[in-house]
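Trainee: Supplied structure: upload-v3.txt, compact mmCIF, C-alpha atoms.
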# COMPACT_ATOMS: atom_id res chain seq x y z
CA HIS A 1 -9.59 6.92 -7.20
CA GLU A 2 -7.86 4.66 -9.69
CA LEU A 3 -7.61 0.98 -8.77
CA LEU A 4 -3.96 -0.10 -9.02
CA GLY A 5 -4.39 -3.71 -7.94
CA ASN A 6 -6.13 -6.32 -5.81
CA GLY A 7 -4.65 -8.91 -3.51
CA ALA A 8 -5.59 -11.38 -0.81
CA GLN A 9 -5.39 -8.71 1.91
CA GLY A 10 -6.90 -5.73 0.16
CA SER A 11 -7.10 -3.36 -2.79
CA VAL A 12 -4.66 -0.57 -3.65
CA TYR A 13 -5.84 2.71 -5.15
CA LYS A 14 -4.04 5.74 -6.51
CA ALA A 15 -5.31 8.68 -4.47
CA MET A 16 -4.54 12.31 -3.75
CA ASP A 17 -3.76 13.71 -0.31
CA ALA A 18 -6.47 16.32 0.27
CA ASN A 19 -4.10 18.47 2.39
CA THR A 20 -1.01 18.52 0.17
CA GLY A 21 -2.26 17.50 -3.27
CA ALA A 22 0.45 14.81 -3.41
CA MET A 23 -0.30 11.48 -5.07
CA LEU A 24 -0.22 8.44 -2.82
CA ALA A 25 -1.14 4.78 -2.83
CA LEU A 26 -4.00 3.85 -0.54
CA LYS A 27 -4.29 0.19 0.47
CA ILE A 28 -7.71 -0.69 1.88
CA PHE A 29 -7.71 -3.98 3.79
CA HIS A 30 -10.57 -6.46 3.45
CA CYS A 31 -10.47 -7.23 7.19
CA GLU A 32 -8.23 -6.75 10.27
CA PRO A 33 -9.81 -4.08 12.45
CA GLU A 34 -7.66 -1.50 14.23
CA GLY A 35 -5.62 -2.79 17.14
CA THR A 36 -4.68 -6.07 15.47
CA ASP A 37 -1.14 -7.36 15.04
CA ALA A 38 -1.17 -6.27 11.39
CA HIS A 39 -2.12 -2.73 12.45
CA ARG A 40 0.79 -2.59 14.93
CA GLN A 41 3.23 -3.92 12.32
CA CYS A 42 2.11 -1.25 9.86
CA HIS A 43 2.67 1.41 12.50
CA LEU A 44 6.21 0.10 13.07
CA LEU A 45 6.91 0.03 9.34
CA SER A 46 5.89 3.69 9.05
CA ASN A 47 9.22 4.52 10.74
CA VAL A 48 11.29 2.70 8.09
CA GLN A 49 13.18 4.87 5.62
CA HIS A 50 15.02 2.95 2.91
CA PRO A 51 15.26 3.55 -0.86
CA ASN A 52 14.01 0.00 -1.57
CA VAL A 53 11.04 0.02 0.84
CA VAL A 54 7.81 1.85 0.01
CA ARG A 55 7.31 4.61 2.57
CA ILE A 56 4.23 4.23 4.78
CA TYR A 57 2.77 7.57 5.83
CA GLY A 58 0.26 6.14 8.29
CA THR A 59 -2.96 4.28 8.80
CA VAL A 60 -6.37 5.59 7.82
CA THR A 61 -9.98 4.67 8.48
CA VAL A 62 -12.27 4.90 5.48
CA SER A 63 -15.97 4.44 4.83
CA THR A 64 -16.63 1.62 2.40
CA ALA A 65 -19.95 3.05 1.23
CA PHE A 66 -22.08 6.15 1.55
CA ASP A 67 -23.88 6.73 4.83
CA ASN A 68 -27.58 5.96 4.68
CA THR A 69 -29.13 9.32 5.56
CA ARG A 70 -32.66 7.88 5.35
CA THR A 71 -32.08 5.43 8.22
CA ASN A 72 -29.29 7.37 9.95
CA GLU A 73 -26.98 4.35 9.63
CA LYS A 74 -23.26 4.88 9.30
CA ALA A 75 -21.45 3.06 6.52
CA PRO A 76 -19.13 0.26 7.60
CA GLU A 77 -15.52 1.33 8.02
CA LYS A 78 -12.31 -0.40 7.04
CA TRP A 79 -8.75 0.55 7.70
CA GLY A 80 -5.95 1.10 5.30
CA LEU A 81 -2.48 2.41 4.70
CA ALA A 82 -1.48 5.67 3.10
CA MET A 83 1.76 4.88 1.26
CA GLU A 84 4.22 6.42 -1.13
CA TYR A 85 2.98 6.22 -4.72
CA LEU A 86 5.58 4.92 -7.13
CA ALA A 87 4.78 5.40 -10.81
CA GLY A 88 6.02 2.85 -13.29
CA GLY A 89 4.16 -0.25 -12.22
CA SER A 90 5.22 -3.43 -10.52
CA LEU A 91 7.94 -5.94 -11.27
CA ALA A 92 5.19 -8.11 -12.80
CA ASP A 93 4.33 -5.22 -15.14
CA ILE A 94 7.98 -4.91 -16.18
CA LEU A 95 8.22 -8.65 -16.85
CA GLN A 96 5.02 -8.58 -18.90
CA THR A 97 6.30 -5.66 -20.98
CA MET A 98 9.95 -6.69 -21.38
CA GLY A 99 9.72 -10.47 -21.17
CA GLN A 100 12.73 -12.35 -19.86
CA LEU A 101 15.25 -10.03 -18.20
CA LYS A 102 19.01 -10.13 -18.68
CA LEU A 103 21.01 -11.72 -15.88
CA GLY A 104 22.58 -8.39 -14.88
CA THR A 105 19.14 -6.81 -14.52
CA VAL A 106 17.89 -9.75 -12.44
CA ILE A 107 20.92 -9.43 -10.16
CA GLU A 108 20.39 -5.65 -9.81
CA TYR A 109 16.68 -6.05 -8.95
CA SER A 110 17.46 -8.93 -6.55
CA ARG A 111 20.04 -6.85 -4.69
CA GLY A 112 17.54 -4.03 -4.25
CA ILE A 113 14.82 -6.40 -3.03
CA LEU A 114 17.17 -8.13 -0.58
CA SER A 115 18.47 -4.79 0.71
CA GLY A 116 14.91 -3.67 1.44
CA LEU A 117 14.07 -6.98 3.14
CA GLU A 118 17.20 -6.77 5.27
CA CYS A 119 16.15 -3.30 6.43
CA ILE A 120 12.69 -4.35 7.61
CA HIS A 121 13.74 -7.56 9.37
Please render this file's structure as structure tokens.
Mentor:
Amino acid sequence: HELLGNGAQGSVYKAMDANTGAMLALKIFHCEPEGTDAHRQCHLLSNVQHPNVVRIYGTVTVSTAFDNTRTNEKAPEKWGLAMEYLAGGSLADILQTMGQLKLGTVIEYSRGILSGLECIH
């Protein structure tokens, strides 16, 4: 799995769906066990379909390390989100590559961001 980025809540990896072979983004949270408010919000967001909102396919539980077969201990588990993978990088990547954007481009990006935010609120 290729690490795409780290944040305060977790790390995002590029991964492949073992059933379909499709590429997806997998966000593994540093904390927040299942059943928390964040978990419920993620479940609600999985029903959102909008061109400016990353599609959430569902929640997953993942092992954070290999099981210890010598002591029969299970590895700790964390939860995460299986999300749509969007190639091309982030807005920060675009700004780093292109530098200052033209006003028309800023307006276009802002409209898309605001449209997505309006959909999820």
Trainee: With a distance cut-off of 10 Å and only C-alpha atoms, select the neighbouring residues of A:Ser90, excluding the residue or stretch itself and same-chain residues fewer than 4 positions from it, and output the selection as a ChimeraX atom specification.
Mentor: /A:4-5,86,94-96
Trainee: When you look at A:Val60 with a cut-off of 7 Å (counting all atoms listed in the file), what residues show up, excluding the ones that are within fewer than 6 positions of it in the same chain? I need them as a list in words.
Mentor: Trp79, Gly80, Leu81 and Ala82 of chain A
Trainee: Rounded to one decimal in Å, what is the spacing between atom CA of A:His30 and atom CA of A:Ser11?
Mentor: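 Between atom CA of A:His30 and atom CA of A:Ser11 the gap is 7.8 Å.
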Trainee: When you look at A:Ala22 with a cut-off of 12 Å (counting only C-alpha atoms), what residues show up, excluding the ones that are within fewer than 3 positions of it in the same chain? I need them as a PyMOL selection string.
Mentor: chain A and resi 14-19+25+57+82-86
Trainee: Taking into account all atoms listed in the file, which residue in the set A:Thr20, A:Gln9, A:Gln41, A:Asn52 is nearest to A:Cys119?
Mentor: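 Result for the nearest residue to A:Cys119: A:Asn52.
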Trainee: Neighbours of A:Gln49 within 10 Å (all atoms listed in the file; same-chain residues fewer than 6 positions away dropped), as a PDB file with C-alpha atoms, in the coordinates of the input?
Mentor:
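File produced: around_19.pdb:
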ATOM      1  CA  ARG A  55       7.310   4.610   2.570  1.00  0.00           C
ATOM      2  CA  ILE A  56       4.230   4.230   4.780  1.00  0.00           C
ATOM      3  CA  GLY A 116      14.910  -3.670   1.440  1.00  0.00           C
ATOM      4  CA  CYS A 119      16.150  -3.300   6.430  1.00  0.00           C
ATOM      5  CA  ILE A 120      12.690  -4.350   7.610  1.00  0.00           C
TER       6      ILE A 120
END
Trainee: Restricting the calculation to only C-alpha atoms: of A:His39, A:His121, A:Lys78, A:Pro51, which residue gets closest to A:Gly10?
Mentor: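 Going through A:His39, A:His121, A:Lys78, A:Pro51 one by one, the smallest distance to A:Gly10 is for A:Lys78.
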Trainee: Tell me, in Å to one decimal, how far atom CA of A:Leu114 is from atom CA of A:Glu2.
Mentor: 29.5 Å
Trainee: Which is closest to A:Val54 among A:Ile107, A:Ile113, A:Gly21, A:Arg40, if we use all atoms listed in the file?
Mentor: A:Ile113
Trainee: Would you mind reading off the distance between atom CA of A:Glu108 and atom CA of A:His50, one decimal, in Å?
Mentor: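 Computing it gives 16.3 Å between the two atoms.
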